[in-house]
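A.B. asks: Sharing upload.txt here; it has compact mmCIF, C-alpha atoms.
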# COMPACT_ATOMS: atom_id res chain seq x y z
CA MET A 1 0.00 0.00 0.00
CA LYS A 2 1.03 3.62 -0.48
CA HIS A 3 2.57 5.00 2.69
CA GLY A 4 1.38 8.48 3.61
CA TRP A 5 1.86 10.56 6.73
CA MET A 6 -0.64 8.57 8.80
CA THR A 7 0.77 5.17 7.91
CA ARG A 8 4.29 6.38 8.69
CA ARG A 9 3.12 7.67 12.06
CA LEU A 10 1.74 4.21 12.78
CA GLY A 11 5.02 2.52 11.82
CA MET A 12 3.74 0.81 8.70
CA GLU A 13 6.42 -0.55 6.40
CA PRO A 14 6.35 -1.95 2.86
CA GLY A 15 4.68 -5.34 3.09
CA ASP A 16 2.39 -4.43 5.99
CA GLN A 17 -1.28 -4.88 5.07
CA TRP A 18 -3.85 -2.53 6.56
CA LYS A 19 -6.61 -5.16 6.23
CA LYS A 20 -4.65 -7.56 8.43
CA GLU A 21 -3.98 -4.76 10.91
CA VAL A 22 -7.69 -3.90 11.15
CA VAL A 23 -8.65 -7.55 11.68
CA ALA A 24 -5.86 -7.90 14.28
CA GLY A 25 -7.19 -4.82 16.10
CA ALA A 26 -10.71 -6.27 16.22
CA ILE A 27 -9.47 -9.66 17.42
CA SER A 28 -7.34 -7.97 20.10
CA TYR A 29 -10.39 -6.03 21.27
CA PHE A 30 -12.52 -9.12 21.75
CA ALA A 31 -9.60 -10.83 23.51
CA VAL A 32 -9.21 -8.03 26.10
CA VAL A 33 -12.63 -6.37 26.45
CA TYR A 34 -13.42 -8.57 29.48
CA ILE A 35 -10.90 -6.35 31.33
CA VAL A 36 -13.49 -3.56 31.44
CA MET A 37 -15.79 -5.59 33.70
CA VAL A 38 -13.11 -7.44 35.68
CA ASN A 39 -10.93 -4.40 36.39
CA ALA A 40 -13.92 -2.27 37.41
CA THR A 41 -15.10 -5.01 39.78
CA ILE A 42 -11.71 -5.10 41.52
CA LEU A 43 -11.52 -1.29 41.68
CA SER A 44 -15.03 -1.17 43.16
CA ASP A 45 -13.65 -3.24 46.07
CA ALA A 46 -11.43 -0.21 46.76
CA GLY A 47 -14.53 1.97 47.12
CA MET A 48 -14.86 3.34 43.60
CA PRO A 49 -18.37 3.43 42.05
CA LEU A 50 -18.61 0.45 39.66
CA GLN A 51 -19.88 2.29 36.57
CA ALA A 52 -17.40 5.14 37.10
CA ALA A 53 -14.59 2.57 37.36
CA MET A 54 -15.72 1.14 34.00
CA VAL A 55 -15.44 4.59 32.41
CA GLY A 56 -12.00 5.09 33.97
CA THR A 57 -10.89 1.69 32.69
CA LEU A 58 -12.12 2.49 29.18
CA LEU A 59 -10.47 5.92 29.07
CA THR A 60 -7.18 4.47 30.33
CA SER A 61 -7.33 1.73 27.69
CA ILE A 62 -8.19 4.16 24.88
CA ALA A 63 -5.41 6.59 25.84
CA GLY A 64 -2.90 3.75 26.26
CA CYS A 65 -3.74 2.20 22.89
CA LEU A 66 -3.53 5.57 21.12
CA LEU A 67 -0.15 6.32 22.71
CA MET A 68 1.07 2.87 21.70
CA ALA A 69 -0.27 3.35 18.16
CA PHE A 70 1.49 6.65 17.49
CA GLY A 71 4.33 6.53 20.04
CA GLY A 72 5.26 2.86 20.13
CA LYS A 73 4.22 2.12 16.52
CA SER A 74 3.69 -1.48 17.59
CA PRO A 75 0.61 -3.77 17.78
CA ILE A 76 0.72 -3.87 21.59
CA ILE A 77 -2.65 -3.44 23.32
CA VAL A 78 -2.60 -1.38 26.53
CA VAL A 79 -5.17 -2.09 29.27
CA PRO A 80 -5.18 -1.98 33.10
CA GLY A 81 -3.15 -4.95 34.28
CA MET A 82 -4.50 -7.95 36.13
CA GLY A 83 -2.47 -8.46 39.28
CA ILE A 84 -1.51 -4.80 39.42
CA ASN A 85 -5.18 -3.96 39.97
CA ALA A 86 -5.17 -6.42 42.86
CA PHE A 87 -2.11 -4.62 44.26
CA PHE A 88 -3.99 -1.31 43.95
CA THR A 89 -7.10 -2.50 45.79
CA TYR A 90 -6.00 -5.15 48.25
CA THR A 91 -2.54 -3.82 49.12
CA LEU A 92 -2.57 -0.03 48.70
CA VAL A 93 -6.14 0.48 49.92
CA HIS A 94 -6.95 -2.48 52.17
CA SER A 95 -3.52 -3.32 53.64
CA MET A 96 -1.73 0.06 53.60
CA LYS A 97 -4.93 1.96 54.51
CA LEU A 98 -4.68 4.52 51.70
CA SER A 99 -7.91 5.91 50.31
CA TRP A 100 -8.57 5.14 46.64
CA GLN A 101 -7.89 8.82 45.92
CA GLU A 102 -4.45 8.52 47.55
CA ALA A 103 -3.84 5.24 45.73
CA LEU A 104 -4.52 7.03 42.43
CA ALA A 105 -1.87 9.57 43.42
CA VAL A 106 0.53 6.66 43.95
CA VAL A 107 -0.27 5.52 40.39
CA ALA A 108 0.35 8.98 38.90
CA VAL A 109 3.63 9.52 40.78
CA THR A 110 4.73 6.00 39.83
CA GLY A 111 3.95 6.86 36.22
CA ILE A 112 6.18 9.94 36.37
CA LEU A 113 9.06 7.89 37.80
CA PHE A 114 8.35 5.13 35.27
CA ALA A 115 8.65 7.74 32.50
CA ILE A 116 12.04 8.83 33.88
CA VAL A 117 13.12 5.18 33.90
CA ALA A 118 11.78 4.55 30.38
CA PHE A 119 13.33 7.66 28.83
CA THR A 120 16.77 6.87 30.30
CA SER A 121 18.89 3.75 30.73
CA LEU A 122 17.62 3.26 34.29
CA TYR A 123 15.22 0.52 33.17
CA LYS A 124 18.23 -1.70 32.39
CA MET A 125 19.83 -1.03 35.79
CA ILE A 126 16.65 -1.83 37.74
CA SER A 127 15.86 -4.92 35.70
CA GLU A 128 19.38 -6.32 36.08
CA ALA A 129 19.61 -5.60 39.84
CA ILE A 130 16.66 -7.81 40.85
CA PRO A 131 17.31 -11.57 40.54
CA LYS A 132 15.17 -13.28 37.88
CA ASN A 133 13.89 -15.81 40.42
CA LEU A 134 12.42 -13.03 42.54
CA GLN A 135 10.89 -11.35 39.48
CA HIS A 136 9.20 -14.61 38.47
CA GLY A 137 8.24 -15.25 42.09
CA ILE A 138 6.33 -11.95 42.20
CA THR A 139 4.37 -12.88 39.06
CA VAL A 140 3.56 -16.35 40.38
CA GLY A 141 2.61 -14.99 43.81
CA ILE A 142 0.25 -12.44 42.29
CA GLY A 143 -1.24 -15.23 40.16
CA LEU A 144 -1.96 -17.30 43.27
CA PHE A 145 -3.39 -14.19 44.93
CA LEU A 146 -5.76 -13.55 42.01
CA THR A 147 -6.82 -17.20 42.11
CA PHE A 148 -7.60 -16.93 45.82
CA ILE A 149 -9.63 -13.75 45.24
CA GLY A 150 -11.53 -15.50 42.46
CA LEU A 151 -12.28 -18.49 44.68
CA GLN A 152 -13.54 -16.13 47.40
CA LYS A 153 -15.71 -14.02 45.09
CA SER A 154 -17.24 -17.15 43.57
CA GLY A 155 -18.08 -18.69 46.95
CA ILE A 156 -16.11 -21.84 46.08
CA VAL A 157 -13.90 -21.05 49.10
CA ILE A 158 -15.46 -19.51 52.21
CA ALA A 159 -14.24 -18.33 55.62
CA HIS A 160 -13.99 -20.83 58.49
CA GLN A 161 -13.42 -20.10 62.18
CA THR A 162 -11.01 -22.97 62.81
CA THR A 163 -9.21 -23.58 59.52
CA PHE A 164 -9.56 -20.00 58.17
CA VAL A 165 -10.89 -21.30 54.83
CA ALA A 166 -13.18 -24.13 53.76
CA ILE A 167 -14.99 -25.39 50.66
CA GLY A 168 -18.21 -23.56 49.78
CA HIS A 169 -21.73 -24.93 49.45
CA PHE A 170 -22.42 -26.49 46.06
CA ASN A 171 -26.16 -25.98 46.40
CA ASP A 172 -25.55 -22.22 46.27
CA PRO A 173 -26.61 -20.81 42.85
CA ASN A 174 -23.58 -18.49 42.88
CA VAL A 175 -21.20 -21.42 43.32
CA ILE A 176 -22.97 -23.42 40.60
CA THR A 177 -22.76 -20.45 38.24
CA ALA A 178 -19.07 -19.93 39.00
CA CYS A 179 -18.19 -23.60 38.50
CA VAL A 180 -20.02 -23.84 35.16
CA THR A 181 -18.46 -20.57 33.99
CA LEU A 182 -15.00 -21.77 35.05
CA VAL A 183 -15.36 -25.04 33.11
CA LEU A 184 -16.60 -23.17 30.03
CA ALA A 185 -13.81 -20.57 30.25
CA LEU A 186 -11.21 -23.32 30.59
CA ILE A 187 -12.50 -25.22 27.55
CA LEU A 188 -12.74 -22.13 25.36
CA PHE A 189 -9.30 -20.93 26.43
CA ILE A 190 -7.63 -24.27 25.78
CA ARG A 191 -9.29 -24.44 22.35
CA ASN A 192 -8.06 -20.89 21.57
CA VAL A 193 -11.55 -19.56 20.87
CA GLN A 194 -11.29 -15.84 20.12
CA GLY A 195 -13.09 -13.84 22.82
CA GLY A 196 -13.48 -16.99 24.91
CA LEU A 197 -13.26 -15.20 28.24
CA LEU A 198 -15.85 -12.64 27.13
CA ILE A 199 -18.18 -15.43 25.96
CA SER A 200 -17.75 -17.18 29.32
CA ILE A 201 -18.67 -14.01 31.22
CA LEU A 202 -21.81 -13.50 29.11
CA VAL A 203 -22.92 -17.14 29.47
CA GLY A 204 -22.20 -17.04 33.22
CA THR A 205 -24.26 -13.86 33.57
CA GLY A 206 -27.22 -15.45 31.80
CA LEU A 207 -26.95 -18.57 33.96
CA ALA A 208 -26.77 -16.49 37.16
CA TYR A 209 -30.10 -14.83 36.35
CA VAL A 210 -31.72 -18.14 35.31
CA LEU A 211 -30.67 -19.78 38.60
CA GLY A 212 -31.72 -16.76 40.64
CA ALA A 213 -28.19 -16.10 41.87
CA VAL A 214 -28.74 -12.37 41.35
CA ASN A 215 -31.69 -10.07 40.95
CA PRO A 216 -31.84 -7.41 38.21
CA GLY A 217 -30.75 -4.13 39.75
CA GLU A 218 -31.69 -0.60 38.86
CA SER A 219 -30.66 0.32 35.32
CA VAL A 220 -27.93 2.94 34.93
CA SER A 221 -27.73 4.79 31.60
CA ALA A 222 -24.47 5.66 29.87
CA MET A 223 -25.06 9.33 30.71
CA ASP A 224 -25.60 8.45 34.39
CA ALA A 225 -22.30 6.56 34.35
CA LEU A 226 -20.52 9.57 32.85
CA ARG A 227 -22.03 11.86 35.49
CA GLN A 228 -20.94 9.39 38.17
CA TYR A 229 -17.48 9.43 36.62
CA GLY A 230 -17.27 13.15 37.38
CA GLY A 231 -16.54 12.15 40.98
CA LEU A 232 -13.63 9.95 39.88
CA PHE A 233 -11.80 11.90 37.16
CA GLY A 234 -8.80 13.82 38.50
CA GLU A 235 -9.67 12.92 42.10
CA LEU A 236 -6.17 11.75 43.03
CA SER A 237 -5.11 13.07 46.43
CA LEU A 238 -1.55 14.10 47.33
CA MET A 239 -2.34 14.45 51.05
CA LYS A 240 0.02 11.57 51.95
CA LEU A 241 2.88 12.80 49.75
CA ALA A 242 5.07 13.45 52.81
CA ASP A 243 4.38 10.03 54.37
CA VAL A 244 6.95 7.22 54.24
CA ALA A 245 4.16 4.71 53.50
CA PHE A 246 3.24 6.63 50.34
CA TRP A 247 6.76 6.37 48.95
CA ILE A 248 7.06 2.71 49.92
CA ALA A 249 3.88 2.14 47.90
CA VAL A 250 5.31 4.11 44.95
CA PHE A 251 8.59 2.18 45.08
CA LEU A 252 6.89 -1.22 45.13
CA LEU A 253 4.44 -0.31 42.38
CA LEU A 254 7.32 0.99 40.27
CA LEU A 255 9.17 -2.31 40.65
CA ILE A 256 6.08 -4.24 39.55
CA VAL A 257 5.25 -2.10 36.50
CA VAL A 258 8.88 -1.97 35.34
CA PHE A 259 9.48 -5.72 35.67
CA GLU A 260 6.18 -6.77 34.13
CA ASN A 261 6.24 -4.38 31.20
CA ILE A 262 9.88 -4.85 30.28
CA GLY A 263 9.27 -8.60 30.04
CA LEU A 264 6.02 -8.29 28.10
CA ILE A 265 7.19 -5.62 25.65
CA THR A 266 10.49 -7.40 24.99
CA ALA A 267 8.65 -10.62 24.11
CA GLN A 268 6.02 -8.87 21.98
CA THR A 269 8.40 -6.70 19.94
CA GLN A 270 10.54 -9.77 19.29
CA MET A 271 7.45 -11.69 18.14
CA ILE A 272 6.80 -9.12 15.39
CA GLY A 273 10.48 -9.09 14.43
CA ARG A 274 10.90 -5.41 15.30
CA PRO A 275 12.82 -5.24 18.60
CA GLU A 276 13.87 -1.66 17.80
CA ARG A 277 10.34 -0.59 18.78
CA PHE A 278 10.91 -1.61 22.40
CA LYS A 279 11.96 1.84 23.62
CA GLY A 280 9.07 3.70 22.02
CA SER A 281 6.59 1.15 23.35
CA LEU A 282 7.98 1.32 26.91
CA ARG A 283 7.86 5.11 26.83
CA ALA A 284 4.26 5.12 25.56
CA LEU A 285 3.30 2.78 28.39
CA SER A 286 4.99 4.95 31.02
CA ILE A 287 2.96 7.99 29.93
CA SER A 288 -0.18 5.82 29.99
CA THR A 289 0.54 5.08 33.66
CA VAL A 290 0.49 8.78 34.54
CA LEU A 291 -2.83 9.16 32.72
CA ALA A 292 -4.27 6.14 34.57
CA GLY A 293 -3.87 7.99 37.87
CA ILE A 294 -5.73 10.97 36.41
CA PHE A 295 -8.47 8.95 34.67
CA GLY A 296 -9.10 6.86 37.80
CA SER A 297 -7.66 3.41 37.13
CA SER A 298 -4.94 1.07 38.30
CA PRO A 299 -1.80 1.07 36.10
CA PRO A 300 -1.96 -0.28 32.54
CA VAL A 301 0.29 -2.96 31.06
CA ALA A 302 1.15 -4.37 27.67
CA ALA A 303 -1.65 -6.93 27.55
CA ALA A 304 -0.64 -10.58 27.25
CA GLU A 305 -3.61 -10.93 24.88
CA THR A 306 -1.63 -8.83 22.38
CA THR A 307 -0.35 -12.16 21.05
CA ALA A 308 -3.83 -12.84 19.63
CA GLY A 309 -3.56 -9.74 17.44
CA ILE A 310 0.03 -10.54 16.47
CA ALA A 311 -1.02 -14.05 15.45
CA ALA A 312 -3.69 -12.47 13.23
CA GLY A 313 -1.07 -10.39 11.41
CA GLY A 314 -0.81 -7.25 13.55
CA ARG A 315 2.60 -5.62 13.17
CA THR A 316 2.07 -1.87 13.52
CA GLY A 317 0.33 0.87 15.47
CA LEU A 318 -2.79 0.49 13.33
CA THR A 319 -3.74 -2.56 15.42
CA PRO A 320 -4.07 -0.71 18.79
CA LEU A 321 -5.65 2.26 16.94
CA VAL A 322 -8.51 0.01 15.80
CA THR A 323 -8.78 -1.46 19.31
CA ALA A 324 -8.98 2.07 20.77
CA VAL A 325 -11.87 2.93 18.44
CA LEU A 326 -13.74 -0.21 19.52
CA PHE A 327 -13.11 0.63 23.19
CA GLY A 328 -14.70 4.00 22.47
CA ALA A 329 -17.83 2.27 21.18
CA THR A 330 -17.97 0.23 24.40
CA PHE A 331 -19.14 3.32 26.32
CA PHE A 332 -22.64 2.68 24.97
CA PHE A 333 -22.71 -0.79 26.61
CA ILE A 334 -21.80 0.35 30.13
CA PRO A 335 -25.46 0.07 31.32
CA LEU A 336 -25.43 -3.63 30.36
CA LEU A 337 -22.03 -4.29 31.95
CA GLY A 338 -23.44 -3.30 35.34
CA TYR A 339 -25.63 -6.42 35.34
CA ILE A 340 -22.66 -8.81 35.34
CA PRO A 341 -22.37 -10.57 38.76
CA ASP A 342 -19.25 -11.61 40.66
CA SER A 343 -20.05 -15.27 40.00
CA ALA A 344 -19.49 -14.67 36.26
CA ILE A 345 -16.30 -12.64 36.74
CA ALA A 346 -14.58 -14.65 39.50
CA PRO A 347 -13.80 -17.66 37.24
CA ILE A 348 -11.89 -15.35 34.89
CA LEU A 349 -9.67 -14.30 37.81
CA ILE A 350 -8.96 -17.99 38.46
CA ILE A 351 -8.02 -18.60 34.81
CA ILE A 352 -5.75 -15.54 34.72
CA GLY A 353 -4.16 -16.62 38.00
CA GLY A 354 -3.39 -19.98 36.45
CA LEU A 355 -1.75 -18.28 33.48
CA MET A 356 0.45 -16.16 35.74
CA VAL A 357 1.55 -19.20 37.74
CA GLN A 358 3.03 -20.68 34.54
CA GLY A 359 5.99 -18.39 35.19
CA VAL A 360 7.19 -20.98 37.70
CA LYS A 361 8.68 -22.97 34.81
CA ASP A 362 11.26 -20.21 34.25
CA MET A 363 12.52 -20.36 37.84
CA ASP A 364 15.76 -21.96 39.04
CA PHE A 365 15.03 -24.44 41.84
CA GLY A 366 18.46 -26.07 41.67
CA ASP A 367 20.04 -23.46 43.96
CA PHE A 368 18.21 -23.24 47.30
CA THR A 369 19.59 -19.75 47.97
CA GLU A 370 17.73 -18.64 44.83
CA ALA A 371 14.69 -20.88 45.22
CA PHE A 372 13.71 -20.28 48.86
CA PRO A 373 13.37 -16.46 48.74
CA ALA A 374 11.25 -16.79 45.58
CA PHE A 375 9.20 -19.51 47.28
CA LEU A 376 8.55 -17.17 50.22
CA ILE A 377 7.25 -14.49 47.84
CA MET A 378 4.97 -16.97 46.08
CA VAL A 379 3.33 -18.29 49.24
CA MET A 380 3.36 -15.19 51.42
CA ILE A 381 1.55 -12.95 48.90
CA PRO A 382 -1.69 -14.98 49.04
CA PHE A 383 -1.27 -16.11 52.67
CA THR A 384 -0.80 -12.57 53.99
CA TYR A 385 -3.34 -11.19 51.49
CA SER A 386 -0.74 -8.53 50.70
CA ILE A 387 1.58 -8.25 47.71
CA VAL A 388 3.86 -5.86 49.62
CA ASP A 389 4.30 -8.13 52.64
CA GLY A 390 4.82 -11.17 50.42
CA MET A 391 7.52 -9.38 48.45
CA ALA A 392 9.13 -8.19 51.69
CA PHE A 393 9.67 -11.74 52.97
CA GLY A 394 11.44 -12.78 49.78
CA PHE A 395 13.54 -9.64 49.38
CA ILE A 396 14.73 -9.85 53.01
CA ALA A 397 15.46 -13.58 52.75
CA TYR A 398 17.52 -13.30 49.54
CA PRO A 399 20.62 -11.50 50.89
CA LEU A 400 20.39 -13.52 54.13
CA ALA A 401 20.47 -16.79 52.18
CA LYS A 402 23.39 -15.60 50.06
CA LEU A 403 25.35 -14.42 53.11
CA ALA A 404 24.72 -17.76 54.85
CA ALA A 405 26.13 -19.55 51.79
CA GLY A 406 29.19 -17.28 51.70
CA GLN A 407 27.95 -15.68 48.47
CA GLY A 408 27.24 -12.21 49.81
CA LYS A 409 29.36 -10.55 47.11
CA GLN A 410 27.01 -11.90 44.44
CA VAL A 411 24.16 -9.77 45.78
CA PRO A 412 23.83 -6.38 44.03
CA VAL A 413 24.10 -3.35 46.31
CA VAL A 414 20.60 -2.34 45.21
CA MET A 415 19.23 -5.60 46.63
CA TYR A 416 20.79 -4.93 50.04
CA GLY A 417 19.19 -1.48 50.01
CA ILE A 418 15.76 -2.86 49.11
CA SER A 419 15.93 -5.55 51.80
CA ILE A 420 16.89 -2.97 54.44
CA LEU A 421 13.93 -0.81 53.41
CA PHE A 422 11.55 -3.76 53.70
CA LEU A 423 13.00 -4.73 57.09
CA ALA A 424 12.73 -1.14 58.33
CA ASN A 425 9.09 -1.10 57.23
CA PHE A 426 8.35 -4.20 59.34
CA VAL A 427 10.19 -2.71 62.34
CA LEU A 428 8.31 0.59 62.07
CA HIS A 429 4.98 -1.23 61.86
CA GLY A 430 5.93 -3.19 64.97
CA ILE A 431 6.84 -0.06 66.93
CA LEU A 432 4.05 2.28 65.81
Using structure tokens, write down the structure that the file contains.

C.D. replies:
Amino acid sequence: MKHGWMTRRLGMEPGDQWKKEVVAGAISYFAVVYIVMVNATILSDAGMPLQAAMVGTLLTSIAGCLLMAFGGKSPIIVVPGMGINAFFTYTLVHSMKLSWQEALAVVAVTGILFAIVAFTSLYKMISEAIPKNLQHGITVGIGLFLTFIGLQKSGIVIAHQTTFVAIGHFNDPNVITACVTLVLALILFIRNVQGGLLISILVGTGLAYVLGAVNPGESVSAMDALRQYGGLFGELSLMKLADVAFWIAVFLLLLIVVFENIGLITAQTQMIGRPERFKGSLRALSISTVLAGIFGSSPPVAAAETTAGIAAGGRTGLTPLVTAVLFGATFFFIPLLGYIPDSAIAPILIIIGGLMVQGVKDMDFGDFTEAFPAFLIMVMIPFTYSIVDGMAFGFIAYPLAKLAAGQGKQVPVVMYGISILFLANFVLHGIL
């Protein structure tokens, strides 16, 4: 095709076909649109109004995809990240006692620091300082955490006075709905059905109403949702900017977004055979993170579902541009999205958790000084119901294990600094 100004801005090269790019953008949309419901549900647990959280999720996704289209010039789809949204709600808000407004400020400040990292060579220094086992351990731990949240929301696992948790009641319509939805989602995912997770959510929603698991609530129009969103847009609060806890939260969130996105973008730009687009893509994503704090969402990531669009022929920024347009059209369906119950969304969290746990295959279990700290991160994140505390156990244990083995010189200075910060945080919490 003839390459004009627009196609050059989108990174199209001779041989790239716009028809394939458009199809790839549509396929990518159907692969990730479930995020709108799932992310909003998790953010609503932080106290945000559900419909407003949907609008914030959509705006963050649209802005991220547009930045990736014109800045990254790659087919990477940008949406709020699963796992990071759990960190936002269950760690920043529930564990660290920040309000959701203060947590949004954490996101925005993290985005600014992420941009500094992305526009300099700092991203290499940070990535190389943290052992790969610990990086994979964080991903696996968050995956287990998401799975646990999904099991709780579905009612498959319930609270118990003696054993803390127990199996749920299988005569409960919510549990039946969740189990059927989980089986369907698993089958569709394994068979690589495009939009399988979205189909599962829709079928699960229908089943929930048939079984009487939920009652139809009051309808909310798209305009009502936008008016509700007025109380979310730009509501980030910098009141805790001088608090140590605020900067601990920023530091931890920065580690997560840097590790996750460097890994994802590296893999995705290599898949399309254009690794030179890594820098532009990382920079686009860092700016998207700042906007997420303003729009009212947890940080975005380079979606793993991007591979669906790449497999369909997506190679350029035209792919996320098409996805952004389709996200824009999704605003009109917000009233319908409000009817989706937890029992239809929880199974998707379980599936995504399972996908994240696959990272365990990349871990080195041959060296116990490497394996045990990562193991602590994996188990302590779900068991403490806190990503921060789980990470702390592993990051403190790593230099201790190396020192005990006489390998203290192998530990980067940065790692000693991080472990001291985590230890100081525990000590301060014990004193105060």

A.B. asks: How many Å lie between atom CA of A:Ser386 and atom CA of A:Leu423, rounded to one decimal?

C.D. replies: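 Taking atom CA of A:Ser386 as the start and atom CA of A:Leu423 as the end point, the length is 15.6 Å.
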
A.B. asks: If we count all atoms listed in the file, what is near A:Val325 at a cut-off of 10 Å, once residues fewer than 2 positions away on the same chain are taken out, given as a PyMOL selection string?

C.D. replies: chain A and resi 25-26+29+62+65-66+320-323+327-330

A.B. asks: Hey, which of A:Glu305, A:Ala213, A:Ala103, A:Asn174 ends up closest to A:Met82? Count all atoms listed in the file.

C.D. replies: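 Closest to A:Met82, using all atoms listed in the file: A:Glu305.
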
A.B. asks: Can you tell me how far atom CA of A:Gly406 sits from atom CA of A:Ala424, in Å to one decimal?

C.D. replies: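 So the two atoms, atom CA of A:Gly406 and atom CA of A:Ala424, lie 24.0 Å apart.
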
A.B. asks: Atom CA of A:Asn261 to atom CA of A:Val140: how many Å, to one decimal?

C.D. replies: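 It comes out at 15.3 Å.
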
A.B. asks: Name all residues at most 8 Å from A:Ile112 (count only C-alpha atoms; drop same-chain ones fewer than 6 positions away) and give them as a list in words.

C.D. replies: Ser286, Ile287, Thr289 and Val290 of chain A

A.B. asks: Hey, which of A:Val183, A:Leu134, A:Val55, A:Ala24 ends up closest to A:Leu376? Count only C-alpha atoms.

C.D. replies: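 Using only C-alpha atoms, the shortest distance to A:Leu376 belongs to A:Leu134.
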
A.B. asks: Please identify all polymer residues within 12 Å of A:His94, counting all atoms listed in the file, omitting same-chain residues fewer than 2 positions from it, and present them as a list in words.

C.D. replies: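 Listed by chain and then number, they are Ile42, Leu43, Asp45, Ala46, Gly47, Ala86, Phe87, Phe88, Thr89, Tyr90, Thr91, Leu92, Met96, Lys97, Leu98, Ser99, Trp100, Ala103, Thr384, Tyr385, Ser386, Ile387 and Val388 of chain A.
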
A.B. asks: Pick out the closest residue to A:Tyr339 from this set: A:Ser44, A:Asn39, A:Thr205, A:Ser74. Count all atoms listed in the file.

C.D. replies: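 Among the listed residues, the smallest separation from A:Tyr339 belongs to A:Thr205.
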
A.B. asks: Taking into account all atoms listed in the file, which residue in the set A:Ile187, A:Ala208, A:Gly296, A:Lys402 is nearest to A:Val175?

C.D. replies: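 Looking only at the distances to A:Val175, the closest residue turns out to be A:Ala208.
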
A.B. asks: Contacts of stretch 151-156 of chain A at 7 Å or less, counting all atoms listed in the file, minus same-chain residues fewer than 2 places along, as an mmCIF file with C-alpha atoms, in the frame of the given file?

C.D. replies:
data_model
loop_
_atom_site.group_PDB
_atom_site.id
_atom_site.type_symbol
_atom_site.label_atom_id
_atom_site.label_comp_id
_atom_site.auth_asym_id
_atom_site.auth_seq_id
_atom_site.Cartn_x
_atom_site.Cartn_y
_atom_site.Cartn_z
ATOM 1 C CA THR A 147 -6.820 -17.200 42.110
ATOM 2 C CA PHE A 148 -7.600 -16.930 45.820
ATOM 3 C CA ILE A 149 -9.630 -13.750 45.240
ATOM 4 C CA ILE A 158 -15.460 -19.510 52.210
ATOM 5 C CA ILE A 167 -14.990 -25.390 50.660
ATOM 6 C CA GLY A 168 -18.210 -23.560 49.780
ATOM 7 C CA ASN A 174 -23.580 -18.490 42.880
ATOM 8 C CA VAL A 175 -21.200 -21.420 43.320
ATOM 9 C CA ALA A 178 -19.070 -19.930 39.000
ATOM 10 C CA ASP A 342 -19.250 -11.610 40.660
ATOM 11 C CA SER A 343 -20.050 -15.270 40.000
ATOM 12 C CA ALA A 346 -14.580 -14.650 39.500
#

A.B. asks: Find, counting all atoms listed in the file, the residue in A:Leu318, A:Ala312, A:Leu113, A:Ile340 that gets nearest to A:Trp247.

C.D. replies: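 Nearest candidate to A:Trp247 out of A:Leu318, A:Ala312, A:Leu113, A:Ile340: A:Leu113.
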
A.B. asks: Between A:Thr162, A:Ile352, A:Met54, A:Ala225, which one has atoms that come closest to A:Leu186, using only C-alpha atoms?

C.D. replies: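 The answer is A:Ile352, which sits nearest to A:Leu186.
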
A.B. asks: When you look at A:Tyr398 with a cut-off of 7 Å (counting all atoms listed in the file), what residues show up, excluding the ones that are within fewer than 4 positions of it in the same chain? I need them as a PyMOL selection string.

C.D. replies: chain A and resi 369+373+394+402

A.B. asks: Keeping C-alpha atoms for every residue in the selection just given, could you write it to a file as a PDB file, in the frame of the given file?

C.D. replies:
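Heads up, here's the output in selection-v4.pdb:
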ATOM      1  CA  THR A 369      19.590 -19.750  47.970  1.00  0.00           C
ATOM      2  CA  PRO A 373      13.370 -16.460  48.740  1.00  0.00           C
ATOM      3  CA  GLY A 394      11.440 -12.780  49.780  1.00  0.00           C
ATOM      4  CA  LYS A 402      23.390 -15.600  50.060  1.00  0.00           C
TER       5      LYS A 402
END

A.B. asks: Using only C-alpha atoms, I'd like a table of the residues in stretch 72-132 of chain A that come within 12 Å of stretch 271-285 of chain A; for each, show the closest atom pair and its distance in Å rounded to one decimal, ordered by chain and ascending number, as a Markdown table.

C.D. replies:
| residue | atom | partner | partner_atom | distance |
| --- | --- | --- | --- | --- |
| A:Gly72 | CA | A:Ser281 | CA | 3.9 |
| A:Lys73 | CA | A:Arg277 | CA | 7.1 |
| A:Ser74 | CA | A:Arg277 | CA | 6.8 |
| A:Pro75 | CA | A:Ile272 | CA | 8.5 |
| A:Ile76 | CA | A:Ser281 | CA | 7.9 |
| A:Ile77 | CA | A:Leu285 | CA | 10.0 |
| A:Val78 | CA | A:Leu285 | CA | 7.5 |
| A:Val79 | CA | A:Leu285 | CA | 9.8 |
| A:Pro80 | CA | A:Leu285 | CA | 10.8 |
| A:Gly81 | CA | A:Leu285 | CA | 11.7 |
| A:Thr110 | CA | A:Leu285 | CA | 12.0 |
| A:Gly111 | CA | A:Leu285 | CA | 8.9 |
| A:Ile112 | CA | A:Arg283 | CA | 10.8 |
| A:Leu113 | CA | A:Arg283 | CA | 11.4 |
| A:Phe114 | CA | A:Arg283 | CA | 8.5 |
| A:Ala115 | CA | A:Arg283 | CA | 6.3 |
| A:Ile116 | CA | A:Arg283 | CA | 9.0 |
| A:Val117 | CA | A:Arg283 | CA | 8.8 |
| A:Ala118 | CA | A:Arg283 | CA | 5.3 |
| A:Phe119 | CA | A:Arg283 | CA | 6.4 |
| A:Thr120 | CA | A:Lys279 | CA | 9.6 |
| A:Ser121 | CA | A:Lys279 | CA | 10.1 |
| A:Tyr123 | CA | A:Leu282 | CA | 9.6 |
| A:Lys124 | CA | A:Lys279 | CA | 11.3 |
